[in-house]
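**Student:** This is the structure I want to talk about, given as structure tokens.
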Amino acid sequence: MKTLGNYINGQQTPSKSGRLGPVYNPATGAQSISVALSSADETRTAIASAEEAFKTWSKVTPLNRARVMFKFKALLEQHADEIAEMITNEHGKVFSDAKGELTRGLEVVEFACGIPHLQKGEHSLNVGRGVDSMSLMQPLGVCAGISPFNFPAMVPMWMFPVAIACGNSFVMKPSEKDPSVPLRLAELLSEAGLPDGVFNIVNGDKEAVDVLLTDERIQAVSFVGSTPIAEYIYATASAHGKRVQALGGAKNHMIVMPDADPNQVVGSLMGAAYGSAGERCMAISVAVCVGDEVADNLVEKISKEIDGMRVGPGVGLPEEAHMGPVISKEHCAKIKDYITIGVEEGATLIRDGRDFVYPGNENGYFVGPTLFDHVKEGMRIHNEEIFGPVLCVVRAESYQQALDMINAHEYGNGTSIFTRDGDTARQFCEDVQVGMVGVNVPIPVPMAFHSFGGWKRSLFGPLHMHGPDGVRFYTRMKTITARWPTGLRAGAEFSMPTMK
Ligand code: NAD
């Protein structure tokens with residue numbers, strides 16, 4: 001069976017750690033490859049390679065750094081189908097969704113192509129008489145990224161294109177559950193002309209991560225994953241003097257007001273709740289209906305839509321499925337446990353995905369689309385992140401009650417409101433305690449030239465990913481104040497000197 005190793009100093013580098021992790025095809029449940037779980041020493045070797053490469057990469061002109069990104073973008077487009085199929089085979093999401101993920105990552109590469117413009121710094125003439133002031137935005141050094149399983153292409157690309165284009169070198173630790181795509185990205189970066197050692201990949205688990213959090217050569221750590229690990233990453237790396245952005249879990253609510261367009265609500269909600277089997281940090285997992293009539297209508301319509309959904313493997317079907325399997329056997333069992341908990345807590349189970357089996361793929365990690373009504377605050381299925389195809393409908397008596405529910409929740413990643421009333425929408429945008437807000441848009445993921453990040457326990461650290469915050473995160477400012485004594489200019493006078 002094929003074993004994936006690391007990518008260090010521009011080369012595939014087999015691991016000698018002796019520890020391996022299995023990688024499965026979630027649609028079949030069969031192991032497809034193994035991935036190395038690297039040792040602390042191997043991680044240090046990757047850092048050393050990045051440290052060496054930084055010395056020259058940071059001196060390459062910004063325009064030439066950006067040109068590597070232009071070539072990388074072209075290669076990503078050329079290999080899009082191949083990469084999307086790799087995503088589907090290891091993650092499980094359907095092929096068109098995998099291509100969508102790749103596009104959202106590629107858009108950050110496009111943003112990185114324009115970084116010379118954003119890294120220009122500032123200049124003031126005559127802050128004092130004959131004194132000028134300028135600020136430089138310089139790269140930090142070696143930066144590290146640690147990514148989750150649910151976006152094996154996009155989330156690493158939230159990080160390294162911006163870091164590298166700013167002049168840093170990088171060590172990436174991808175999820176050990178779907179590691180093939182990041183390695184392929186590393187190969188394409190080399191093909192695009194990135195010098196050896198600027199981008200390195202260490203596959204592994206906590207052993208590799210702990211080195212990245214504590215080694216003094218690492219200047220900054222970007223993390224995306226679950227909240228308990230995000231909190232650990234933030235605390236540990238900060239205590240070791242690094243700047244950190246650690247994005248955590250989510251529970252995203254969508255308010256449905258009585259004046260919302262019902263068809264628009266249902267269409268939006270189906271994709272937002274069940275797309276990628278609910279394994280998106282911006283998935284809508286709670287629909288908060290203002291009024292019983294709104295809830296009754298919505299539950300009826302969503303149930304009908306669920307009955308027409310195609311669930312199955314992400315590639316190879318004559319007509320593509322709407323939703324594929326979830327990532328692992330353990331996660332599949334955890335989601336089903338949450339459904340049982342919801343029933344025990346007293347919520348009304350309208351559609352039950354626990355018994356779903358895809359014929360011929362009996363060992364695949366499938367959960368059918370699930371719908372709960374009469375979910376209440378305080379229930380675990382409302383309070384905790386399930387990260388599966390489970391939509392909870394909560395009934396609120398008023399807009400204010402719906403808003404208070406969102407603001408009281410521990411997470412604050414994304415949210416949306418569906419209404420035709422501009423005044424309600426405007427007030428919602430101002431008052432909601434959430435980092436990314438949609439108005440009649442179900443998954444308000446900011447574009448690459450804006451920044452992505454939640455509030456509360458969905459993000460630890462002050463700066464969001466990519467966009468202007470990404471450039472701020474991966475550069476540090478140096479301000480220079482300069483006065484020059486009278487020089488050659490004054491000395492080079494050719495007229496007869498006179499008393500001034
Ligand atoms: P995870 O926290 O289990 O793993 C994320 C990364 O941390 C992986 O690379 C993993 O190897 C590493 N890791 C795991 N345990 C560790 C430990 N004890 N010490 C050090 N490193 C450790 O997350 P996951 O299951 O891969 O991804 C799903 C989670 O990610 C969900 O909670 C989801 O909401 C979140 N997520 C958040 C965002 C966001 O933007 N806020 C985006 C995508 C995913």
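Chains: A, B, ... in order of the structure tokens. Residues: from 1 per chain. Ligands: from 1, in order shown.
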As a ChimeraX atom specification, please: every protein or nucleic acid residue near ligand 1 (cut-off 9 Å, counting only C-alpha atoms and all ligand atoms).

**Tutor:** /A:145-151,155,173-177,203-210,213,223-230,232-233,246-251,279-283,327,331,385-387,413-414,452-454,458-459,465

**Student:** In segment 327-356 of chain A, what's alpha helix (DSSP H) per DSSP? Answer as number ranges by chain?

**Tutor:** A: 329-345

**Student:** Selected residues, N, CA and C atoms, written as a PDB file, in the first residue's frame, please.

**Tutor:**
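Result file again.pdb:
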```pdb
ATOM      1  N   LYS A 329     -15.463   6.515  10.077  1.00  0.00           N
ATOM      2  CA  LYS A 329     -16.381   5.629  10.794  1.00  0.00           C
ATOM      3  C   LYS A 329     -16.743   6.233  12.161  1.00  0.00           C
ATOM      4  N   GLU A 330     -15.720   6.774  12.841  1.00  0.00           N
ATOM      5  CA  GLU A 330     -15.943   7.340  14.186  1.00  0.00           C
ATOM      6  C   GLU A 330     -16.860   8.563  14.099  1.00  0.00           C
ATOM      7  N   HIS A 331     -16.611   9.402  13.087  1.00  0.00           N
ATOM      8  CA  HIS A 331     -17.424  10.614  12.973  1.00  0.00           C
ATOM      9  C   HIS A 331     -18.869  10.251  12.612  1.00  0.00           C
ATOM     10  N   CYS A 332     -19.018   9.227  11.782  1.00  0.00           N
ATOM     11  CA  CYS A 332     -20.347   8.745  11.389  1.00  0.00           C
ATOM     12  C   CYS A 332     -21.113   8.299  12.655  1.00  0.00           C
ATOM     13  N   ALA A 333     -20.413   7.546  13.496  1.00  0.00           N
ATOM     14  CA  ALA A 333     -21.050   7.049  14.730  1.00  0.00           C
ATOM     15  C   ALA A 333     -21.399   8.219  15.657  1.00  0.00           C
ATOM     16  N   LYS A 334     -20.512   9.223  15.698  1.00  0.00           N
ATOM     17  CA  LYS A 334     -20.742  10.381  16.583  1.00  0.00           C
ATOM     18  C   LYS A 334     -21.990  11.167  16.144  1.00  0.00           C
ATOM     19  N   ILE A 335     -22.137  11.345  14.834  1.00  0.00           N
ATOM     20  CA  ILE A 335     -23.304  12.078  14.324  1.00  0.00           C
ATOM     21  C   ILE A 335     -24.592  11.313  14.669  1.00  0.00           C
ATOM     22  N   LYS A 336     -24.548   9.991  14.486  1.00  0.00           N
ATOM     23  CA  LYS A 336     -25.738   9.174  14.798  1.00  0.00           C
ATOM     24  C   LYS A 336     -26.051   9.235  16.290  1.00  0.00           C
ATOM     25  N   ASP A 337     -25.011   9.279  17.114  1.00  0.00           N
ATOM     26  CA  ASP A 337     -25.229   9.421  18.571  1.00  0.00           C
ATOM     27  C   ASP A 337     -25.935  10.742  18.876  1.00  0.00           C
ATOM     28  N   TYR A 338     -25.529  11.798  18.177  1.00  0.00           N
ATOM     29  CA  TYR A 338     -26.177  13.102  18.413  1.00  0.00           C
ATOM     30  C   TYR A 338     -27.657  13.031  18.048  1.00  0.00           C
ATOM     31  N   ILE A 339     -27.982  12.285  16.984  1.00  0.00           N
ATOM     32  CA  ILE A 339     -29.398  12.186  16.591  1.00  0.00           C
ATOM     33  C   ILE A 339     -30.179  11.485  17.716  1.00  0.00           C
ATOM     34  N   THR A 340     -29.588  10.441  18.272  1.00  0.00           N
ATOM     35  CA  THR A 340     -30.232   9.730  19.393  1.00  0.00           C
ATOM     36  C   THR A 340     -30.389  10.673  20.591  1.00  0.00           C
ATOM     37  N   ILE A 341     -29.347  11.464  20.844  1.00  0.00           N
ATOM     38  CA  ILE A 341     -29.407  12.414  21.974  1.00  0.00           C
ATOM     39  C   ILE A 341     -30.555  13.409  21.758  1.00  0.00           C
ATOM     40  N   GLY A 342     -30.700  13.888  20.520  1.00  0.00           N
ATOM     41  CA  GLY A 342     -31.769  14.850  20.205  1.00  0.00           C
ATOM     42  C   GLY A 342     -33.145  14.271  20.505  1.00  0.00           C
ATOM     43  N   VAL A 343     -33.326  13.010  20.153  1.00  0.00           N
ATOM     44  CA  VAL A 343     -34.615  12.357  20.429  1.00  0.00           C
ATOM     45  C   VAL A 343     -34.822  12.278  21.944  1.00  0.00           C
ATOM     46  N   GLU A 344     -33.775  11.875  22.648  1.00  0.00           N
ATOM     47  CA  GLU A 344     -33.878  11.749  24.125  1.00  0.00           C
ATOM     48  C   GLU A 344     -34.125  13.099  24.788  1.00  0.00           C
ATOM     49  N   GLU A 345     -33.604  14.155  24.173  1.00  0.00           N
ATOM     50  CA  GLU A 345     -33.791  15.494  24.753  1.00  0.00           C
ATOM     51  C   GLU A 345     -35.193  16.043  24.504  1.00  0.00           C
TER      52      GLU A 345
END
```

**Student:** Record the distance separating atom CA of Phe72 of chain A and atom CA of Ala53 of chain A, expressed in Å with one decimal.

**Tutor:** 18.6 Å

**Student:** For Val432 of chain A, please output as a list in words all residues within 8 Å (counting only C-alpha atoms; exclusion window: fewer than 5 positions along the same chain).

**Tutor:**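 Residues meeting the cut-off are Leu403, Ile406 and Asn407 of chain A.
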
**Student:** If you count only C-alpha atoms, which residues fall within 6 Å of segment 390-398 of chain A, apart from same-chain ones fewer than 4 positions away, as a VMD selection string?

**Tutor:** chain A and resid 285 to 291 370 to 375 402

**Student:** Taking C-alpha atoms for each residue, export the selection above as a compact mmCIF listing (two decimals), in the first residue's frame.

**Tutor:**
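The result, stored in out.txt:
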```
# COMPACT_ATOMS: atom_id res chain seq x y z
CA SER A 285 -27.14 23.82 11.29
CA VAL A 286 -29.91 25.81 13.03
CA ALA A 287 -32.88 27.49 11.33
CA VAL A 288 -34.54 29.92 13.71
CA CYS A 289 -38.11 30.52 12.52
CA VAL A 290 -39.88 33.60 13.82
CA GLY A 291 -43.44 32.40 14.38
CA THR A 370 -31.72 14.53 9.16
CA LEU A 371 -34.25 17.14 10.31
CA PHE A 372 -35.30 18.03 13.85
CA ASP A 373 -38.17 20.35 14.79
CA HIS A 374 -38.93 21.93 18.19
CA VAL A 375 -35.27 22.15 19.14
CA ALA A 402 -33.99 34.86 17.75
```

**Student:** Name the closest residue to Trp158 of chain A among the candidates A:Pro116, A:Gly360, A:Pro446, A:Gly278; distances are taken between atoms, counting only C-alpha atoms.

**Tutor:** A:Pro446

**Student:** Would you work out the distance separating atom CA of Ser39 of chain A from atom CA of Val211 of chain A, expressed in Å to one decimal?

**Tutor:**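 We find that atom CA of Ser39 of chain A and atom CA of Val211 of chain A lie 9.3 Å from each other.
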
**Student:** One number please: atom CA of Tyr274 of chain A to atom CA of Glu231 of chain A, in Å, one decimal.

**Tutor:**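 Separation between atom CA of Tyr274 of chain A and atom CA of Glu231 of chain A: 27.6 Å.
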
**Student:** Determine, counting only C-alpha atoms, which protein, DNA and RNA residues have an atom within 9 Å of an atom of Tyr7 of chain A; residues of the same chain fewer than 2 positions away are not included. Present the result as a ChimeraX atom specification.

**Tutor:** /A:5,9-14,46,183,186-187,197,199-203

**Student:** Go ahead and save the residues from that selection, with N, CA and C atoms, as a PDB file, in the first residue's frame.

**Tutor:**
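Result file is out.pdb:
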```pdb
ATOM      1  N   GLY A   5       4.790  10.451   2.422  1.00  0.00           N
ATOM      2  CA  GLY A   5       5.760  10.975   3.382  1.00  0.00           C
ATOM      3  C   GLY A   5       5.627  12.491   3.488  1.00  0.00           C
ATOM      4  N   ASN A   9      12.361  20.672   1.455  1.00  0.00           N
ATOM      5  CA  ASN A   9      13.393  21.231   0.572  1.00  0.00           C
ATOM      6  C   ASN A   9      13.147  20.890  -0.901  1.00  0.00           C
ATOM      7  N   GLY A  10      11.889  20.991  -1.311  1.00  0.00           N
ATOM      8  CA  GLY A  10      11.548  20.813  -2.722  1.00  0.00           C
ATOM      9  C   GLY A  10      11.481  19.363  -3.184  1.00  0.00           C
ATOM     10  N   GLN A  11      11.448  18.411  -2.236  1.00  0.00           N
ATOM     11  CA  GLN A  11      11.431  16.996  -2.648  1.00  0.00           C
ATOM     12  C   GLN A  11      10.503  16.159  -1.784  1.00  0.00           C
ATOM     13  N   GLN A  12       9.912  15.132  -2.406  1.00  0.00           N
ATOM     14  CA  GLN A  12       9.200  14.118  -1.645  1.00  0.00           C
ATOM     15  C   GLN A  12      10.222  13.467  -0.726  1.00  0.00           C
ATOM     16  N   THR A  13       9.931  13.416   0.554  1.00  0.00           N
ATOM     17  CA  THR A  13      10.892  12.883   1.526  1.00  0.00           C
ATOM     18  C   THR A  13      10.214  11.818   2.376  1.00  0.00           C
ATOM     19  N   PRO A  14      10.568  10.558   2.195  1.00  0.00           N
ATOM     20  CA  PRO A  14       9.919   9.518   3.013  1.00  0.00           C
ATOM     21  C   PRO A  14      10.201   9.750   4.498  1.00  0.00           C
ATOM     22  N   ALA A  46      12.306  20.046   8.597  1.00  0.00           N
ATOM     23  CA  ALA A  46      11.507  20.891   7.694  1.00  0.00           C
ATOM     24  C   ALA A  46      11.657  22.363   8.072  1.00  0.00           C
ATOM     25  N   LEU A 183       0.096  17.645  -0.579  1.00  0.00           N
ATOM     26  CA  LEU A 183       1.369  17.214  -1.190  1.00  0.00           C
ATOM     27  C   LEU A 183       1.404  17.540  -2.684  1.00  0.00           C
ATOM     28  N   ALA A 186       2.168  21.112  -3.145  1.00  0.00           N
ATOM     29  CA  ALA A 186       3.605  21.384  -2.968  1.00  0.00           C
ATOM     30  C   ALA A 186       4.361  21.103  -4.257  1.00  0.00           C
ATOM     31  N   GLU A 187       4.002  19.999  -4.917  1.00  0.00           N
ATOM     32  CA  GLU A 187       4.680  19.677  -6.193  1.00  0.00           C
ATOM     33  C   GLU A 187       4.411  20.766  -7.230  1.00  0.00           C
ATOM     34  N   GLY A 197      12.536  24.590  -0.402  1.00  0.00           N
ATOM     35  CA  GLY A 197      12.561  24.937   1.020  1.00  0.00           C
ATOM     36  C   GLY A 197      11.618  26.051   1.412  1.00  0.00           C
ATOM     37  N   PHE A 199       8.404  26.213   0.713  1.00  0.00           N
ATOM     38  CA  PHE A 199       7.170  25.556   1.171  1.00  0.00           C
ATOM     39  C   PHE A 199       7.461  24.095   1.485  1.00  0.00           C
ATOM     40  N   ASN A 200       7.184  23.701   2.701  1.00  0.00           N
ATOM     41  CA  ASN A 200       7.457  22.331   3.133  1.00  0.00           C
ATOM     42  C   ASN A 200       6.204  21.731   3.746  1.00  0.00           C
ATOM     43  N   ILE A 201       6.086  20.409   3.628  1.00  0.00           N
ATOM     44  CA  ILE A 201       4.950  19.741   4.264  1.00  0.00           C
ATOM     45  C   ILE A 201       5.468  18.670   5.211  1.00  0.00           C
ATOM     46  N   VAL A 202       4.946  18.726   6.423  1.00  0.00           N
ATOM     47  CA  VAL A 202       5.210  17.660   7.385  1.00  0.00           C
ATOM     48  C   VAL A 202       3.880  17.002   7.681  1.00  0.00           C
ATOM     49  N   ASN A 203       3.730  15.750   7.321  1.00  0.00           N
ATOM     50  CA  ASN A 203       2.515  15.034   7.690  1.00  0.00           C
ATOM     51  C   ASN A 203       2.664  14.506   9.102  1.00  0.00           C
TER      52      ASN A 203
END
```

**Student:** Near Ile164 of chain A, counting only C-alpha atoms, which residues have an atom at most 12 Å away, once you skip same-chain residues fewer than 2 positions from it, shown as number ranges by chain?

**Tutor:** A: 50, 53-54, 57-58, 60, 62, 64-69, 108-109, 112-113, 115-116, 138-145, 157-162, 166-172, 189, 194-195, 197-200, 470-471, 474-475

**Student:** If we count only C-alpha atoms and set the cut-off at 10 Å, which residues sit around Ile443 of chain A, ignoring sequence neighbours fewer than 3 positions away in its own chain? Please answer as number ranges by chain.

**Tutor:** A: 252, 254, 268-269, 271-273, 280-284, 414-416, 436-440, 446

**Student:** Could you go through segment 422-479 of chain A and tell me which residues DSSP, when run on the backbone, assigns to strand (DSSP E), listing them as a VMD selection string?

**Tutor:** chain A and resid 436 to 439 455 to 456 459 to 460 475 to 479

**Student:** So, counting only C-alpha atoms, which residue among A:Lys2, A:Lys73, A:Lys242, A:His253 is closest to Glu110 of chain A?

**Tutor:**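 Closest candidate: A:Lys73.
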